[in-house]
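Undergrad: Quick one: structure below, then a few questions.
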Amino acid sequence: MPPAHQVELSRLSLYQFFGPGGVLSKRHPAYEFRKGQLAMASAVEEAIGEKRHLIVEAGTGTGKTLAYLLPIIKSGKRVIVSTGTKNLQEQLFFKDVPFLERALFGNSTEGEPRLKVCYMKGRQNYLCRKKLYELTDQPVLNGLEEINEFRTLLDWDKETKTGDRAELATLPEASPLWSKLNASADHCIGSKCAEFERCFITEMRRKAAESDIIIVNHHLFFADLSVKLAAEKAPDAGVLPTAACVIFDEAHELEDVATSYFGISVSNLKVEDLLRDLEITYREKKIVSTDLLQLSSRLRERSQFFFSLLPEGEGRFAFNNREEFLEECGSEFLGLKNVIRQLHSELQAIPNKPDEIFNLIRRTDELHAQLCFLMESREKNTVYWIERRGGRGKFSKNENVFLQATPIDVSAILRQSLFDRFDSIVLTSATLTVANGFDYIKGRLGLENARELIVPSHFDYESQAIFYVPKDMPDPRDANFTQKAIMRIRQLLEITRGRAFCLFTSLAQMQQVHDALLGQLDYPMLLQGSAPKTALIEQFRNTPNAVLFATASFWQGVDVQGEQLSCVIIDKIPFAVPSDPVVQARGRAIDESGGNSFFDYSVPAAVITLKQGFGRLIRSLNDRGLLVLLDNRILKMRYGRVFIESLPGYTRTTEIRKVEEFFGCE
């Protein structure tokens, strides 16, 4: 940032920017002074200046993005902004930052310095040129569709400056070809690659090193952090440069994302990927080794047999009997480990090794270490579990088996690896408090000695939204609940004339209600899974009186303003699935330490999820509508008061007549 602008910015107070008659009022067409926005900006400025951590719940409509972006720019320090979704990343990079740039510096002329901002995604979003060119020489393509996609990628490679697959609108979301050609870390040989200087990841690193603001998403941030923790003595590990401060937007997601990256996962797929790459390298590099392919074949057989022996179960389930398993199947596990060691030794013995072989040696070593941890570790803060995906029966050809180890409590890990490493970290979201306090989220994340701020929403929830909980619904665990829910949802949608999200806590419930109402409603019905999420949301926006039936991924990160969305119906209090192995382990750990897992973990987590789901409705000052929770335990059970106290001040009712009156006023 040029010195002249630094001087200007240092003289510009936050009030002069956000206050009445200030810079923002002259630049923003829908400006309205928001005390909360100014209060949040001041708190962020102080946190960065004083090298303190800050946690802020900023209600919807606060304008929190500008409230943290301006202090970042004024600080002159390098800051990483991590968001919950790629959509929010794009909004920051393509909309919010350019707006601020124009507001502060005017419309720039050619050559005038501008804000140095970089936008980064995970490696799998970028093309690997080395893979593309190798596939050109030795194509391994399946069918006409892949051949056409390959030609498209070759043409695109000549013109793209970023290598970001988002530029390719015609490439299918689940393209199998892309998985062969993306820049995943498993196949990267770094500076030894012939395409290193032209590599899109290299270019992304360069841009980040030259930027003052680096916009990432939580998955990339924690993937990068886990790489750096695993390679403490490698200063160039990861893709993110050092920074003075991190802003986490949508910070309510941090525990789940961090947990996934601090865990370990080995699957039959992971072994097969390693062997496929080994065999391709063997052929392409003309490796001279009499035993390599034989060992590869033996490892494939051993792996398939080992994973077929793992306990059976549906979906995700705990692997609590590892010791008994090893007593029965220890020789098979030992055989698998021995073949991996032999393969590792054979790779090491190859003379004049090409760089790809060094990468395979690293991956083989990692596979051995991870398998040993998963089967033999006695780490107390870890839950060991299995997930089976696809296929049926004992290791069918279509089934993939994942052996997992997940930290039960990430608070200590985050305290040491995150909060102790950065001068200042700002956590913000519209849903961080439970009963107006941050104790739950701070405890789960290991955040200590942080400043706290609650910024009320700019919206008038009492007049804009009515919250209806029917007293006459059966308990959700009752066999009649679903049938009664179908009847009540139909009645409510007739009142609202569609224009609704129906959000469910399970896919089965969503499907059952959707199928029952199909043909009974006069409104267009959209179903999660029938199209990509972004396409469904766009279809909902453009279809009058539409009703969308959806589950988890639609509870957050979706913004539909106006009367097109006038109703959000939620079937049940969104408690986490009690049979989930990670949920079970966390609950058990809390109980064993003298706490109450239901009130200390299950209820607060469900409160934040419910706040997120209801947050889909009121997105602007002009929005108006109905919120419905069909689960009346919120009125009857002692814990219900925590939910009520945590929700905004909606007008509440248990009478459907009041709902009819609300919509009769339109």
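Following the order of the structure tokens, chains are lettered A, B, ..., residues in each are numbered from 1, and ligands are numbered from 1.
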Considering only alpha helix (DSSP H) as DSSP defines it on the backbone, what residues of region 497-644 of chain A qualify? List them as a PyMOL selection string.
TA: chain A and resi 507-517+533-542+581-592+597+603-614+633-636+640-644
Undergrad: Excluding same-chain residues fewer than 4 positions from Leu69 (chain A), what lies within 12 Å of it counting only C-alpha atoms, as a PyMOL selection string?
TA: chain A and resi 14+37+40-42+44-45+48+63-65+73-81+92-93+96-101+104+115+117+212-215+246-249+426
Undergrad: Using only C-alpha atoms, find the one residue out of A:Gly437, A:Gly59, A:Gly84, A:Gly498 that sits nearest to His252 (chain A).
TA: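 Counting only C-alpha atoms, the residue closest to His252 (chain A) is A:Gly84.
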Undergrad: When you count only C-alpha atoms, which of these residues is closest to Ser429 (chain A): A:Pro578, A:Gly61, A:Gly313, A:Pro354?
TA: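 Of all the options, A:Gly61 lies closest to Ser429 (chain A).
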Undergrad: Using only C-alpha atoms, determine which residues lie at most 9 Å from region 489-496 of chain A, disregarding the query and same-chain residues fewer than 3 positions distant; provide the list as a list of chain:residue names.
TA: A:Lys484, A:Ala485, A:Ile486, A:Arg499, A:Ala500, A:Cys502, A:Val513, A:Leu517, A:Gln520, A:Leu521, A:Asp522, A:Tyr523, A:Asn545, A:Val547, A:Ser566, A:Cys567, A:Ile569, A:Gly625, A:Leu626, A:Leu630, A:Ile656, A:Val659, A:Glu660, A:Phe663, A:Gly664
Undergrad: Using only C-alpha atoms, find each residue of region 239-336 of chain A with at least one atom at most 12 Å away from an atom of region 412-423 of chain A; report its shortest atom-to-atom pair and that distance in Å (one decimal), sort the rows by chain and rising residue number, and return the result as a tab-separated table.
TA:
```
residue	atom	partner	partner_atom	distance
A:Thr242	CA	A:Phe422	CA	9.0
A:Ala243	CA	A:Phe422	CA	7.5
A:Ala244	CA	A:Asp423	CA	5.7
A:Cys245	CA	A:Phe422	CA	6.1
A:Val246	CA	A:Phe422	CA	7.5
A:Ile247	CA	A:Phe422	CA	10.8
A:Phe248	CA	A:Leu418	CA	11.7
A:Leu254	CA	A:Leu414	CA	9.9
A:Glu255	CA	A:Leu414	CA	9.1
A:Val257	CA	A:Leu414	CA	11.6
A:Ala258	CA	A:Leu414	CA	8.1
A:Thr259	CA	A:Ile413	CA	9.7
A:Tyr261	CA	A:Ile413	CA	11.4
A:Phe262	CA	A:Ile413	CA	8.5
A:Gly263	CA	A:Ile413	CA	11.4
```
Undergrad: Tell me which protein, DNA and RNA residues are within 9 Å of region 191-204 of chain A, counting only C-alpha atoms, leaving out same-chain ones fewer than 6 positions away, and put them as a list in words.
TA: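 Once the nearby chain positions are removed, what remains is Cys118, Tyr119, Met120, Arg123, Tyr126, Leu127, Cys128, Arg129, Lys130, Lys161, Thr162, Gly163, Asp164, Ala183, Val239 and Asp355 of chain A.
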Undergrad: What's around Glu448 (chain A) at 10 Å? Count only C-alpha atoms, leave out sequence neighbours fewer than 2 positions away in its own chain, and write the answer as a PyMOL selection string.
TA: chain A and resi 53-54+415+419+442-443+445-446+450-451
Undergrad: Just to be explicit: take each residue in the selection above, keep all heavy atoms, and write the result as a compact mmCIF listing (two decimals), in the first residue's frame.
TA:
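Done, and the output landed in out_4.txt:
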```txt
# COMPACT_ATOMS: atom_id res chain seq x y z
N HIS A 53 -7.03 -11.09 20.99
CA HIS A 53 -8.06 -11.85 20.27
C HIS A 53 -9.42 -11.24 20.59
O HIS A 53 -9.63 -10.64 21.64
CB HIS A 53 -8.04 -13.32 20.68
CG HIS A 53 -6.74 -14.01 20.40
ND1 HIS A 53 -5.98 -13.73 19.28
CD2 HIS A 53 -6.05 -14.98 21.08
CE1 HIS A 53 -4.90 -14.48 19.29
NE2 HIS A 53 -4.91 -15.25 20.37
N LEU A 54 -10.36 -11.42 19.63
CA LEU A 54 -11.69 -10.83 19.76
C LEU A 54 -12.72 -11.81 19.23
O LEU A 54 -12.51 -12.45 18.20
CB LEU A 54 -11.75 -9.52 18.95
CG LEU A 54 -13.12 -8.86 18.77
CD1 LEU A 54 -13.63 -8.29 20.10
CD2 LEU A 54 -13.05 -7.76 17.71
N ARG A 415 -5.60 -24.02 20.73
CA ARG A 415 -4.94 -23.03 21.60
C ARG A 415 -3.46 -22.92 21.23
O ARG A 415 -2.92 -21.82 21.07
CB ARG A 415 -5.11 -23.43 23.06
CG ARG A 415 -4.70 -22.35 24.06
CD ARG A 415 -4.90 -22.82 25.49
NE ARG A 415 -6.27 -23.25 25.73
CZ ARG A 415 -6.62 -24.49 26.08
NH1 ARG A 415 -5.69 -25.42 26.25
NH2 ARG A 415 -7.88 -24.80 26.28
N PHE A 419 -4.24 -20.03 18.31
CA PHE A 419 -4.35 -18.79 19.10
C PHE A 419 -3.01 -18.32 19.66
O PHE A 419 -2.80 -17.12 19.86
CB PHE A 419 -5.38 -18.97 20.22
CG PHE A 419 -6.77 -19.21 19.70
CD1 PHE A 419 -7.43 -20.40 19.94
CD2 PHE A 419 -7.42 -18.24 18.94
CE1 PHE A 419 -8.70 -20.63 19.44
CE2 PHE A 419 -8.69 -18.47 18.43
CZ PHE A 419 -9.34 -19.66 18.68
N LYS A 442 -16.25 -20.64 23.13
CA LYS A 442 -14.89 -20.41 23.61
C LYS A 442 -14.31 -21.70 24.20
O LYS A 442 -13.14 -22.02 23.97
CB LYS A 442 -14.86 -19.29 24.66
CG LYS A 442 -15.03 -17.90 24.06
CD LYS A 442 -15.29 -16.85 25.13
CE LYS A 442 -14.15 -16.75 26.11
NZ LYS A 442 -14.43 -15.74 27.16
N GLY A 443 -15.12 -22.44 24.93
CA GLY A 443 -14.65 -23.70 25.50
C GLY A 443 -14.33 -24.73 24.45
O GLY A 443 -13.31 -25.43 24.54
N LEU A 445 -13.39 -24.19 21.39
CA LEU A 445 -12.28 -23.79 20.54
C LEU A 445 -10.98 -23.52 21.31
O LEU A 445 -9.94 -23.31 20.69
CB LEU A 445 -12.65 -22.53 19.74
CG LEU A 445 -13.82 -22.65 18.77
CD1 LEU A 445 -14.07 -21.32 18.07
CD2 LEU A 445 -13.57 -23.75 17.74
N GLY A 446 -11.05 -23.50 22.65
CA GLY A 446 -9.84 -23.22 23.42
C GLY A 446 -9.44 -21.77 23.39
O GLY A 446 -8.25 -21.43 23.51
N ALA A 450 -9.99 -13.45 25.54
CA ALA A 450 -10.42 -12.70 24.35
C ALA A 450 -11.43 -11.63 24.75
O ALA A 450 -12.21 -11.81 25.68
CB ALA A 450 -11.05 -13.64 23.33
N ARG A 451 -11.39 -10.51 24.04
CA ARG A 451 -12.45 -9.50 24.20
C ARG A 451 -13.73 -10.06 23.58
O ARG A 451 -13.68 -10.82 22.62
CB ARG A 451 -12.03 -8.22 23.46
CG ARG A 451 -10.78 -7.57 24.04
CD ARG A 451 -11.10 -6.30 24.79
NE ARG A 451 -9.92 -5.82 25.48
CZ ARG A 451 -9.17 -4.80 25.04
NH1 ARG A 451 -9.49 -4.19 23.92
NH2 ARG A 451 -8.14 -4.40 25.74
```
